[in-house]
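run-v3.json (JSON, C-alpha atoms) appears below.
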```
[["chain", "number", "residue", "atom", "x", "y", "z"],
["J", 1472, "MET", "CA", 0.00, 0.00, 0.00],
["J", 1473, "SER", "CA", 2.85, 2.36, 0.81],
["J", 1474, "ALA", "CA", 4.59, 1.67, -2.52],
["J", 1475, "VAL", "CA", 1.39, 2.06, -4.55],
["J", 1476, "SER", "CA", 0.39, 5.29, -2.80],
["J", 1477, "SER", "CA", 3.88, 6.74, -3.32],
["J", 1478, "PHE", "CA", 3.84, 5.83, -7.00],
["J", 1479, "LEU", "CA", 0.37, 7.30, -7.53],
["J", 1480, "THR", "CA", 1.30, 10.52, -5.71],
["J", 1481, "ILE", "CA", 4.36, 11.07, -7.89],
["J", 1482, "LEU", "CA", 2.43, 10.10, -11.02],
["J", 1483, "LEU", "CA", -0.29, 12.61, -10.16],
["J", 1484, "LEU", "CA", 2.22, 15.45, -9.67],
["J", 1485, "ILE", "CA", 4.06, 14.68, -12.92],
["J", 1486, "SER", "CA", 0.81, 14.32, -14.87],
["J", 1487, "ALA", "CA", -0.48, 17.62, -13.47],
["J", 1488, "TYR", "CA", 2.69, 19.41, -14.58],
["J", 1489, "PHE", "CA", 2.48, 18.04, -18.13],
["J", 1490, "PHE", "CA", -1.25, 18.74, -18.30],
["J", 1491, "ALA", "CA", -0.71, 22.36, -17.19],
["J", 1492, "ASN", "CA", 1.88, 22.77, -19.96],
["J", 1493, "HIS", "CA", -0.42, 21.22, -22.59],
["J", 1494, "ALA", "CA", 1.94, 18.26, -23.03],
["J", 1495, "PHE", "CA", 0.04, 15.41, -21.41],
["J", 1496, "LYS", "CA", -0.45, 13.65, -24.76],
["J", 1497, "SER", "CA", 3.28, 13.92, -25.40],
["J", 1498, "LEU", "CA", 3.93, 12.29, -22.02],
["J", 1499, "ILE", "CA", 1.71, 9.35, -22.99],
["J", 1500, "ASP", "CA", 3.20, 9.04, -26.47],
["J", 1501, "VAL", "CA", 6.85, 9.27, -25.44],
["J", 1502, "TYR", "CA", 6.94, 7.51, -22.09],
["J", 1503, "PHE", "CA", 4.27, 4.85, -22.42],
["J", 1504, "LYS", "CA", 4.02, 4.32, -26.17],
["J", 1505, "MET", "CA", 7.59, 4.85, -27.32],
["J", 1506, "ASN", "CA", 9.69, 4.19, -24.25],
["J", 1507, "ILE", "CA", 7.95, 1.00, -23.16],
["J", 1508, "THR", "CA", 6.86, -0.57, -26.43],
["J", 1509, "ALA", "CA", 10.00, 0.20, -28.43],
["J", 1510, "TYR", "CA", 12.46, -1.62, -26.18],
["J", 1511, "GLY", "CA", 13.21, -5.20, -27.18],
["J", 1512, "GLY", "CA", 11.25, -7.36, -29.57],
["J", 1513, "LYS", "CA", 8.22, -9.58, -29.47],
["J", 1514, "SER", "CA", 8.44, -12.75, -27.39],
["J", 1515, "SER", "CA", 6.07, -15.56, -26.50],
["J", 1516, "ILE", "CA", 4.83, -16.34, -23.00],
["J", 1517, "PHE", "CA", 7.07, -19.41, -22.96],
["J", 1518, "GLU", "CA", 10.14, -17.32, -23.87],
["J", 1519, "ARG", "CA", 9.27, -14.87, -21.11],
["J", 1520, "LEU", "CA", 8.97, -17.70, -18.58],
["J", 1521, "ILE", "CA", 12.35, -19.10, -19.63],
["J", 1522, "ALA", "CA", 13.93, -15.63, -19.32],
["J", 1523, "PHE", "CA", 12.35, -15.20, -15.88],
["J", 1524, "LYS", "CA", 13.73, -18.59, -14.83],
["J", 1525, "HIS", "CA", 17.27, -17.69, -15.90],
["J", 1526, "VAL", "CA", 17.23, -14.22, -14.38],
["J", 1527, "SER", "CA", 15.80, -15.59, -11.13],
["J", 1528, "PHE", "CA", 18.54, -18.20, -10.87],
["J", 1529, "ASP", "CA", 21.29, -15.68, -11.64],
["J", 1530, "THR", "CA", 19.91, -13.14, -9.16],
["J", 1531, "ILE", "CA", 19.61, -15.62, -6.30],
["J", 1532, "ILE", "CA", 23.02, -17.22, -6.92],
["J", 1533, "SER", "CA", 24.85, -13.90, -7.22],
["J", 1534, "ASN", "CA", 23.22, -12.66, -4.00],
["J", 1535, "SER", "CA", 23.13, -15.97, -2.18],
["J", 1536, "TRP", "CA", 24.15, -14.61, 1.23],
["J", 1537, "ILE", "CA", 21.27, -12.17, 1.56],
["J", 1538, "PHE", "CA", 18.75, -14.73, 0.30],
["J", 1539, "SER", "CA", 20.13, -17.37, 2.69],
["J", 1540, "LEU", "CA", 19.94, -15.07, 5.69],
["J", 1541, "ALA", "CA", 16.46, -13.87, 4.69],
["J", 1542, "LEU", "CA", 15.29, -17.49, 4.43],
["J", 1543, "THR", "CA", 16.80, -18.22, 7.85],
["J", 1544, "SER", "CA", 15.01, -15.18, 9.26],
["J", 1545, "ILE", "CA", 11.71, -16.33, 7.75],
["J", 1546, "LEU", "CA", 12.14, -19.72, 9.46],
["J", 1547, "ILE", "CA", 12.81, -17.94, 12.76],
["J", 1548, "LEU", "CA", 9.69, -15.83, 12.33],
["J", 1549, "TRP", "CA", 7.69, -18.92, 11.33],
["J", 1550, "VAL", "CA", 8.32, -20.33, 14.81],
["J", 1551, "TRP", "CA", 7.33, -17.26, 16.82],
["J", 1552, "GLN", "CA", 5.40, -14.93, 14.47],
["J", 1553, "LYS", "CA", 3.85, -17.05, 11.73],
["J", 1554, "LYS", "CA", 1.45, -14.37, 10.42],
["J", 1555, "LEU", "CA", 4.28, -11.89, 10.00],
["J", 1556, "ALA", "CA", 6.36, -14.55, 8.23],
["J", 1557, "VAL", "CA", 3.54, -15.23, 5.76],
["J", 1558, "LEU", "CA", 3.10, -11.50, 5.09],
["J", 1559, "LEU", "CA", 6.83, -11.01, 4.43],
["J", 1560, "ILE", "CA", 6.91, -14.04, 2.12],
["J", 1561, "LEU", "CA", 4.03, -12.61, 0.08],
["J", 1562, "VAL", "CA", 5.70, -9.18, -0.10],
["J", 1563, "SER", "CA", 9.03, -10.71, -1.16],
["J", 1564, "VAL", "CA", 7.59, -12.99, -3.83],
["J", 1565, "THR", "CA", 5.38, -10.22, -5.25],
["J", 1566, "THR", "CA", 8.32, -7.79, -5.37],
["J", 1567, "PHE", "CA", 10.55, -10.41, -7.01],
["J", 1568, "VAL", "CA", 8.00, -11.32, -9.71],
["J", 1569, "ILE", "CA", 7.24, -7.68, -10.55],
["J", 1570, "THR", "CA", 10.94, -6.76, -10.68],
["J", 1571, "TYR", "CA", 12.20, -9.65, -12.78],
["J", 1572, "GLY", "CA", 9.05, -10.51, -14.73],
["J", 1573, "VAL", "CA", 10.55, -8.60, -17.67],
["J", 1574, "GLY", "CA", 13.39, -11.12, -17.81],
["J", 1575, "GLN", "CA", 16.28, -8.75, -17.14],
["J", 1576, "ALA", "CA", 18.71, -8.68, -14.23],
["J", 1577, "ARG", "CA", 19.64, -5.06, -13.56],
["J", 1578, "LEU", "CA", 21.74, -4.16, -10.57],
["J", 1579, "TYR", "CA", 19.64, -1.12, -9.68],
["J", 1580, "SER", "CA", 16.47, -3.20, -10.02],
["J", 1581, "PHE", "CA", 17.69, -5.29, -7.11],
["J", 1582, "LEU", "CA", 17.83, -2.36, -4.68],
["J", 1583, "HIS", "CA", 14.21, -2.36, -3.49],
["J", 1584, "LEU", "CA", 14.19, -6.17, -3.27],
["J", 1585, "TYR", "CA", 17.42, -5.90, -1.31],
["J", 1586, "ALA", "CA", 15.71, -3.47, 1.07],
["J", 1587, "VAL", "CA", 12.89, -5.98, 1.66],
["J", 1588, "LEU", "CA", 15.35, -8.83, 2.30],
["J", 1589, "VAL", "CA", 17.42, -6.73, 4.72],
["J", 1590, "LEU", "CA", 14.22, -5.76, 6.54],
["J", 1591, "ILE", "CA", 13.36, -9.46, 6.92],
["J", 1592, "VAL", "CA", 16.84, -10.18, 8.28],
["J", 1593, "ILE", "CA", 16.59, -7.33, 10.79],
["J", 1594, "ILE", "CA", 13.11, -8.39, 11.98],
["J", 1595, "GLY", "CA", 14.26, -12.00, 12.27],
["J", 1596, "SER", "CA", 17.37, -10.94, 14.19],
["J", 1597, "ILE", "CA", 15.36, -8.83, 16.62],
["J", 1598, "THR", "CA", 12.91, -11.70, 17.17],
["J", 1599, "LEU", "CA", 15.79, -14.08, 17.82],
["J", 1600, "THR", "CA", 17.39, -11.59, 20.21],
["J", 1601, "ILE", "CA", 14.16, -11.32, 22.21],
["J", 1602, "GLN", "CA", 13.86, -15.10, 22.47],
["J", 1603, "TYR", "CA", 17.53, -15.81, 23.21],
["J", 1604, "LYS", "CA", 19.42, -13.47, 25.47],
["J", 1605, "TYR", "CA", 22.89, -13.89, 23.98],
["J", 1606, "SER", "CA", 21.91, -13.73, 20.32],
["J", 1607, "TYR", "CA", 22.40, -9.93, 20.40],
["J", 1608, "VAL", "CA", 25.90, -10.64, 19.10],
["J", 1609, "LEU", "CA", 24.36, -11.74, 15.78],
["J", 1610, "LEU", "CA", 22.29, -8.57, 15.60],
["J", 1611, "VAL", "CA", 25.35, -6.36, 16.16],
["J", 1612, "TYR", "CA", 27.24, -8.28, 13.47],
["J", 1613, "LEU", "CA", 24.46, -7.81, 10.96],
["J", 1614, "PHE", "CA", 24.15, -4.07, 11.59],
["J", 1615, "LEU", "CA", 27.90, -3.41, 11.48],
["J", 1616, "PHE", "CA", 29.10, -5.65, 8.67],
["J", 1617, "PHE", "CA", 26.40, -7.37, 6.72],
["J", 1618, "SER", "CA", 24.69, -4.39, 5.09],
["J", 1619, "ILE", "CA", 28.01, -2.99, 3.85],
["J", 1620, "ILE", "CA", 29.34, -6.28, 2.52],
["J", 1621, "GLN", "CA", 26.12, -7.34, 0.85],
["J", 1622, "ASN", "CA", 25.02, -4.03, -0.64],
["J", 1623, "PRO", "CA", 25.60, -4.63, -4.38],
["J", 1624, "PHE", "CA", 26.49, -1.00, -5.07],
["J", 1625, "PHE", "CA", 29.30, -0.82, -2.49],
["J", 1626, "ALA", "CA", 31.40, -3.60, -3.94],
["J", 1627, "LYS", "CA", 30.64, -3.19, -7.64],
["J", 1628, "MET", "CA", 30.83, 0.55, -8.28],
["J", 1629, "PRO", "CA", 34.12, 1.29, -10.06],
["J", 1630, "TYR", "CA", 33.62, 5.04, -9.67],
["J", 1631, "PHE", "CA", 32.99, 4.58, -5.94],
["J", 1632, "TRP", "CA", 36.41, 3.05, -5.34],
["J", 1633, "LYS", "CA", 38.45, 4.68, -8.10],
["J", 1634, "LYS", "CA", 39.46, 8.30, -8.37],
["J", 1635, "GLU", "CA", 39.04, 8.61, -12.13],
["J", 1636, "THR", "CA", 36.83, 11.44, -13.31],
["J", 1637, "ILE", "CA", 33.71, 10.16, -15.08],
["J", 1638, "ALA", "CA", 33.08, 11.24, -18.66],
["J", 1639, "PRO", "CA", 30.18, 13.66, -18.02],
["J", 1640, "GLN", "CA", 32.27, 15.56, -15.48],
["J", 1641, "SER", "CA", 35.39, 15.72, -17.66],
["J", 1642, "PHE", "CA", 33.29, 16.83, -20.64],
["J", 1643, "GLY", "CA", 31.64, 19.46, -18.46],
["J", 1644, "THR", "CA", 35.08, 20.81, -17.58],
["J", 1645, "VAL", "CA", 36.08, 20.99, -21.25],
["J", 1646, "ILE", "CA", 32.89, 22.84, -22.20],
["J", 1647, "THR", "CA", 33.16, 25.23, -19.24],
["J", 1648, "LYS", "CA", 36.73, 26.19, -20.20],
["J", 1649, "ASP", "CA", 35.66, 26.89, -23.78],
["J", 1650, "THR", "CA", 35.23, 30.63, -23.21],
["J", 1651, "GLY", "CA", 35.25, 31.47, -26.91],
["J", 1652, "THR", "CA", 31.81, 30.01, -27.50],
["J", 1653, "ARG", "CA", 28.58, 31.68, -26.37],
["J", 1654, "ASP", "CA", 25.15, 30.09, -25.96],
["J", 1655, "LYS", "CA", 26.66, 26.62, -25.81],
["J", 1656, "SER", "CA", 24.33, 23.81, -26.79],
["J", 1657, "LEU", "CA", 24.69, 20.05, -26.76],
["J", 1658, "ILE", "CA", 22.86, 17.15, -28.34],
["J", 1659, "TYR", "CA", 23.06, 13.44, -27.53],
["J", 1660, "TYR", "CA", 23.51, 11.46, -30.71],
["J", 1661, "ASN", "CA", 22.48, 8.01, -29.52],
["J", 1662, "ILE", "CA", 21.87, 8.17, -25.79],
["J", 1663, "ILE", "CA", 19.63, 10.05, -23.37],
["J", 1664, "ASP", "CA", 21.29, 9.88, -19.97],
["J", 1665, "ALA", "CA", 24.95, 10.86, -20.31],
["J", 1666, "GLY", "CA", 24.37, 13.73, -17.88],
["J", 1667, "VAL", "CA", 26.95, 16.20, -19.22],
["J", 1668, "GLU", "CA", 24.61, 19.12, -18.57],
["J", 1669, "ARG", "CA", 24.88, 18.45, -14.82],
["J", 1670, "TYR", "CA", 28.47, 19.69, -14.85],
["J", 1671, "THR", "CA", 28.30, 22.72, -17.13],
["J", 1672, "ASN", "CA", 26.02, 25.49, -18.30],
["J", 1673, "VAL", "CA", 24.85, 24.09, -21.61],
["J", 1674, "GLN", "CA", 21.45, 23.99, -23.30],
["J", 1675, "VAL", "CA", 20.06, 20.56, -24.11],
["J", 1676, "ALA", "CA", 16.31, 20.17, -23.79],
["J", 1677, "LYS", "CA", 15.51, 23.81, -24.55],
["J", 1678, "ARG", "CA", 16.54, 23.66, -28.19],
["J", 1679, "PHE", "CA", 17.09, 20.01, -29.02],
["J", 1680, "LYS", "CA", 15.47, 16.68, -28.37],
["J", 1681, "TYR", "CA", 17.11, 13.77, -26.58],
["J", 1682, "PHE", "CA", 17.83, 10.73, -28.72],
["J", 1683, "GLU", "CA", 17.68, 7.12, -27.61],
["J", 1684, "ARG", "CA", 18.90, 5.16, -30.61],
["J", 1685, "THR", "CA", 20.57, 2.36, -28.68],
["J", 1686, "ASN", "CA", 17.30, 0.67, -27.79],
["J", 1687, "VAL", "CA", 14.78, 2.56, -29.95],
["J", 1688, "PRO", "CA", 15.42, 1.78, -33.64],
["J", 1689, "ASP", "CA", 15.20, 4.54, -36.24],
["J", 1690, "LYS", "CA", 12.87, 2.49, -38.43],
["J", 1691, "LEU", "CA", 10.30, 2.44, -35.65],
["J", 1692, "TYR", "CA", 10.39, 6.23, -35.16],
["J", 1693, "PRO", "CA", 11.88, 7.72, -38.36],
["J", 1694, "GLN", "CA", 10.97, 11.26, -37.29],
["J", 1695, "GLN", "CA", 13.71, 11.28, -34.65],
["J", 1696, "GLN", "CA", 16.29, 10.15, -37.21],
["J", 1697, "LYS", "CA", 15.27, 12.87, -39.66],
["J", 1698, "TYR", "CA", 15.42, 15.61, -37.04],
["J", 1699, "LEU", "CA", 18.77, 14.39, -35.75],
["J", 1700, "GLU", "CA", 20.22, 14.33, -39.28],
["J", 1701, "HIS", "CA", 18.94, 17.87, -39.77],
["J", 1702, "VAL", "CA", 20.67, 19.13, -36.61],
["J", 1703, "ILE", "CA", 23.97, 17.41, -37.48],
["J", 1704, "LYS", "CA", 23.93, 18.38, -41.16],
["J", 1705, "ASN", "CA", 23.35, 22.05, -40.36],
["J", 1706, "SER", "CA", 25.70, 22.09, -37.34],
["J", 1707, "GLU", "CA", 22.96, 23.55, -35.20],
["J", 1708, "SER", "CA", 24.42, 22.16, -31.97],
["J", 1709, "THR", "CA", 27.73, 23.33, -30.53],
["J", 1710, "TYR", "CA", 28.63, 19.91, -29.12],
["J", 1711, "VAL", "CA", 27.68, 16.31, -29.81],
["J", 1712, "VAL", "CA", 28.00, 13.40, -27.36],
["J", 1713, "GLY", "CA", 27.95, 9.79, -28.44],
["J", 1714, "LEU", "CA", 29.93, 6.53, -28.80],
["J", 1715, "ASN", "CA", 29.68, 3.14, -27.08],
["J", 1716, "TRP", "CA", 26.79, 2.95, -24.66],
["J", 1717, "GLY", "CA", 26.61, -0.44, -22.99],
["J", 1718, "ALA", "CA", 26.83, -4.08, -24.11],
["J", 1719, "GLN", "CA", 29.76, -3.32, -26.42],
["J", 1720, "GLN", "CA", 33.40, -4.32, -26.49],
["J", 1721, "ALA", "CA", 35.69, -1.63, -25.06],
["J", 1722, "ILE", "CA", 37.88, 0.30, -27.48],
["J", 1723, "ASN", "CA", 41.20, 2.11, -27.01],
["J", 1724, "LEU", "CA", 40.12, 5.66, -26.19],
["J", 1725, "LYS", "CA", 43.68, 6.96, -26.59],
["J", 1726, "ASP", "CA", 43.73, 6.13, -30.31],
["J", 1727, "ASP", "CA", 41.95, 8.87, -32.27],
["J", 1728, "LYS", "CA", 41.57, 6.70, -35.37],
["J", 1729, "ILE", "CA", 39.85, 3.91, -33.44],
["J", 1730, "VAL", "CA", 37.55, 6.34, -31.66],
["J", 1731, "GLU", "CA", 36.65, 8.13, -34.88],
["J", 1732, "SER", "CA", 35.96, 4.79, -36.60],
["J", 1733, "HIS", "CA", 33.10, 4.31, -34.12],
["J", 1734, "ILE", "CA", 31.61, 7.73, -34.91],
["J", 1735, "PRO", "CA", 29.36, 8.10, -37.98],
["J", 1736, "GLN", "CA", 30.92, 9.95, -40.91],
["J", 1737, "GLU", "CA", 28.02, 12.39, -41.13],
["J", 1738, "VAL", "CA", 28.96, 13.58, -37.64],
["J", 1739, "LEU", "CA", 32.70, 13.84, -38.36],
["J", 1740, "ARG", "CA", 32.04, 15.97, -41.42],
["J", 1741, "ASN", "CA", 30.74, 18.82, -39.29],
["J", 1742, "TYR", "CA", 32.21, 18.02, -35.86],
["J", 1743, "LYS", "CA", 35.71, 17.27, -34.59],
["J", 1744, "LEU", "CA", 36.69, 15.00, -31.72],
["J", 1745, "ILE", "CA", 37.89, 17.00, -28.70],
["J", 1746, "ALA", "CA", 37.53, 14.60, -25.72],
["J", 1747, "ARG", "CA", 36.78, 11.00, -24.79],
["J", 1748, "ASP", "CA", 36.43, 9.19, -21.50],
["J", 1749, "TYR", "CA", 34.80, 6.34, -19.60],
["J", 1750, "SER", "CA", 31.39, 6.82, -18.06],
["J", 1751, "TYR", "CA", 31.72, 4.49, -15.09],
["J", 1752, "TYR", "CA", 28.68, 2.37, -14.37],
["J", 1753, "PRO", "CA", 27.72, 0.18, -11.37],
["J", 1754, "VAL", "CA", 28.72, -3.05, -13.10],
["J", 1755, "GLU", "CA", 31.18, -3.07, -15.96],
["J", 1756, "THR", "CA", 32.83, -5.98, -17.71],
["J", 1757, "ASP", "CA", 35.15, -6.19, -20.70],
["J", 1758, "LYS", "CA", 32.13, -6.67, -22.93],
["J", 1759, "ASN", "CA", 29.93, -4.07, -21.29],
["J", 1760, "GLN", "CA", 31.80, -0.80, -21.45],
["J", 1761, "PHE", "CA", 30.26, 2.65, -21.27],
["J", 1762, "GLN", "CA", 32.48, 5.00, -23.24],
["J", 1763, "LEU", "CA", 31.70, 8.51, -24.43],
["J", 1764, "ALA", "CA", 33.15, 10.93, -26.96],
["J", 1765, "LEU", "CA", 32.68, 14.69, -27.08],
["J", 1766, "LEU", "CA", 32.77, 16.48, -30.43],
["J", 1767, "LYS", "CA", 32.66, 20.20, -31.21],
["J", 1768, "ARG", "CA", 31.33, 22.04, -34.23],
["J", 1769, "ARG", "CA", 34.08, 22.68, -36.83]]
```

Could you render the structure from this file as structure tokens?
Amino acid sequence: MSAVSSFLTILLLISAYFFANHAFKSLIDVYFKMNITAYGGKSSIFERLIAFKHVSFDTIISNSWIFSLALTSILILWVWQKKLAVLLILVSVTTFVITYGVGQARLYSFLHLYAVLVLIVIIGSITLTIQYKYSYVLLVYLFLFFSIIQNPFFAKMPYFWKKETIAPQSFGTVITKDTGTRDKSLIYYNIIDAGVERYTNVQVAKRFKYFERTNVPDKLYPQQQKYLEHVIKNSESTYVVGLNWGAQQAINLKDDKIVESHIPQEVLRNYKLIARDYSYYPVETDKNQFQLALLKRR
């Protein structure tokens, strides 16, 4: 009830804002029609069930400690507070099915499920402490060590442990130092969430649209391709950001020729490469690199 009420409250506020600005239909078309329906392809119910099976197995195995402790806590509650145990089981299963019913295992998707599992462990630990006097040692251990060790973001965030500057920040510095250009504007060529505008005073949404071409194919929405080609061809934007955005083999960012080989020729005709960097992400592997390039109008 708390989750549903929170979602509906936020949805109401966002909808009211778009409605007041005469853009409610655009919200429906872009977010619900384009954003949801354009991702992925068609799949049968059987294929969805198989995907859910695989993602469930991978999620449980990769987070076995928290699931094991949560199961232990449920068994403890089953002995002394059976109704509460049943309620927490229903909440956990419902959360799990809703989260992974799409058949994808995202690290950030696990966060709210992780919160539920930790809550179960804490409640089970408190119950055990009440029943057994000396079990407080377990409770102290869980509070001090377990949450830090098991939190998936603590151990797997490269930019949390490393001192390297992430691409959006380094690009922001480059744009800020470019004092010879006024009314700086930027357009994303194939991504929507690089976040460069957070680190510099540059116009993005005011003049140009965001482009998600990694997951939304041009053939499905040709109007975005045509508008993007128009902006690039006429050099209407001061800067362009694009390159590898997830699920791609990493390239050598120090080699200009290699970097430029991954940038479309229509972009290079009107824009020159001025910076490149990694955009660190919670979980990166050799085959899942997030790399960005910044280009400026010639």

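Distances from J:Ser1535, J:Lys1513, J:Val1526, J:Tyr1502 to Thr1570 in chain J were compared using only C-alpha atoms, and the smallest one belongs to J:Val1526.
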
Straight-line distance linking CA of Leu1763 in chain J with CA of Leu1714 in chain J, stated in Å to one decimal: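 Value for the CA of Leu1763 in chain J-CA of Leu1714 in chain J distance: 5.1 Å.
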
Local residues around (13.5, -12.2, 6.3), at most 6 Å away, using only C-alpha atoms, as a count of residues only: 7

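Comparing the minimum interatomic distances between Ala1638 in chain J and each of J:Asn1741, J:Gln1695, J:Thr1650, J:Ser1750, counting all atoms listed in the file, we find that J:Ser1750 sits nearest.
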
Shortest interatomic distance to Leu1724 in chain J - which of J:Ser1708, J:Ile1646, J:Gln1762, J:Thr1480, counting only C-alpha atoms: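 Using only C-alpha atoms, the shortest distance to Leu1724 in chain J belongs to J:Gln1762.
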
Local residues around (5.3, -12.7, 5.8), at most 12 Å away, using all atoms listed in the file, as a compact mmCIF listing (two decimals) with C-alpha atoms, keeping the file's coordinate frame:
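Dumped to point.txt:
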```
# COMPACT_ATOMS: atom_id res chain seq x y z
CA ALA J 1541 16.46 -13.87 4.69
CA LEU J 1542 15.29 -17.49 4.43
CA SER J 1544 15.01 -15.18 9.26
CA ILE J 1545 11.71 -16.33 7.75
CA LEU J 1546 12.14 -19.72 9.46
CA ILE J 1547 12.81 -17.94 12.76
CA LEU J 1548 9.69 -15.83 12.33
CA TRP J 1549 7.69 -18.92 11.33
CA GLN J 1552 5.40 -14.93 14.47
CA LYS J 1553 3.85 -17.05 11.73
CA LYS J 1554 1.45 -14.37 10.42
CA LEU J 1555 4.28 -11.89 10.00
CA ALA J 1556 6.36 -14.55 8.23
CA VAL J 1557 3.54 -15.23 5.76
CA LEU J 1558 3.10 -11.50 5.09
CA LEU J 1559 6.83 -11.01 4.43
CA ILE J 1560 6.91 -14.04 2.12
CA LEU J 1561 4.03 -12.61 0.08
CA VAL J 1562 5.70 -9.18 -0.10
CA SER J 1563 9.03 -10.71 -1.16
CA VAL J 1564 7.59 -12.99 -3.83
CA THR J 1565 5.38 -10.22 -5.25
CA VAL J 1587 12.89 -5.98 1.66
CA LEU J 1588 15.35 -8.83 2.30
CA LEU J 1590 14.22 -5.76 6.54
CA ILE J 1591 13.36 -9.46 6.92
CA ILE J 1594 13.11 -8.39 11.98
CA GLY J 1595 14.26 -12.00 12.27
```

Asp1689 in chain J surroundings by all atoms listed in the file, 12 Å radius, close-in-sequence under 4 positions cut, as a list in words: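 That gives Met1505, Ala1509, Asn1661, Phe1682, Glu1683, Arg1684, Thr1685, Pro1693, Gln1694, Gln1695, Gln1696, Lys1697, Tyr1698, Leu1699 and Glu1700 of chain J.
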
Range 1634-1643 of chain J: axis-aligned bounding box, 3 Å on each side, centre and edge lengths in Å, one decimal, as lines of an AutoDock Vina configuration file:
```
center_x = 34.8
center_y = 13.9
center_z = -14.5
size_x = 15.3
size_y = 17.2
size_z = 18.3
```

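Separating CA of Val1475 in chain J from CA of Arg1519 in chain J is a distance of 25.0 Å.
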
J:Ile1485, J:Ile1658, J:Ile1703, J:Val1712 ranked by distance to Arg1769 in chain J, top pick (using all atoms listed in the file): J:Ile1703

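Here CA of Leu1484 in chain J and CA of Ser1656 in chain J stand 29.2 Å from one another.
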
Nearest to Phe1679 in chain J by atom-to-atom distance, counting all atoms listed in the file, from J:Leu1657, J:Leu1582, J:Ile1637, J:Ala1665: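 So, comparing all the options, the nearest one is J:Leu1657.
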
Among the residues J:Asn1715, J:Ser1477, J:Thr1709, J:Gln1575, the one that comes closest to Thr1530 in chain J [using all atoms listed in the file]: J:Gln1575

Can you patch up range 1726-1739 of chain J, filling it in to N, CA and C atoms, and show the result as a compact mmCIF listing (two decimals), keeping the file's coordinate frame?
```txt
# COMPACT_ATOMS: atom_id res chain seq x y z
N ASP J 1726 43.45 6.16 -28.87
CA ASP J 1726 43.73 6.13 -30.31
C ASP J 1726 42.62 6.87 -31.04
N ASP J 1727 42.95 8.05 -31.59
CA ASP J 1727 41.95 8.87 -32.27
C ASP J 1727 41.30 8.15 -33.45
N LYS J 1728 42.11 7.39 -34.20
CA LYS J 1728 41.57 6.70 -35.37
C LYS J 1728 40.53 5.66 -34.97
N ILE J 1729 40.79 4.93 -33.90
CA ILE J 1729 39.85 3.91 -33.44
C ILE J 1729 38.57 4.56 -32.94
N VAL J 1730 38.72 5.64 -32.18
CA VAL J 1730 37.55 6.34 -31.66
C VAL J 1730 36.71 6.88 -32.80
N GLU J 1731 37.37 7.53 -33.76
CA GLU J 1731 36.65 8.13 -34.88
C GLU J 1731 36.00 7.07 -35.77
N SER J 1732 36.56 5.87 -35.80
CA SER J 1732 35.96 4.79 -36.60
C SER J 1732 34.63 4.34 -36.03
N HIS J 1733 34.36 4.66 -34.76
CA HIS J 1733 33.10 4.31 -34.12
C HIS J 1733 32.10 5.46 -34.15
N ILE J 1734 32.50 6.56 -34.79
CA ILE J 1734 31.61 7.73 -34.91
C ILE J 1734 31.15 7.85 -36.35
N PRO J 1735 29.87 8.01 -36.61
CA PRO J 1735 29.36 8.10 -37.98
C PRO J 1735 30.02 9.23 -38.77
N GLN J 1736 30.25 8.98 -40.05
CA GLN J 1736 30.92 9.95 -40.91
C GLN J 1736 30.14 11.25 -41.03
N GLU J 1737 28.81 11.17 -41.01
CA GLU J 1737 28.02 12.39 -41.13
C GLU J 1737 28.24 13.33 -39.95
N VAL J 1738 28.64 12.75 -38.81
CA VAL J 1738 28.96 13.58 -37.64
C VAL J 1738 30.35 14.19 -37.79
N LEU J 1739 31.32 13.37 -38.23
CA LEU J 1739 32.70 13.84 -38.36
C LEU J 1739 32.86 14.91 -39.43
```
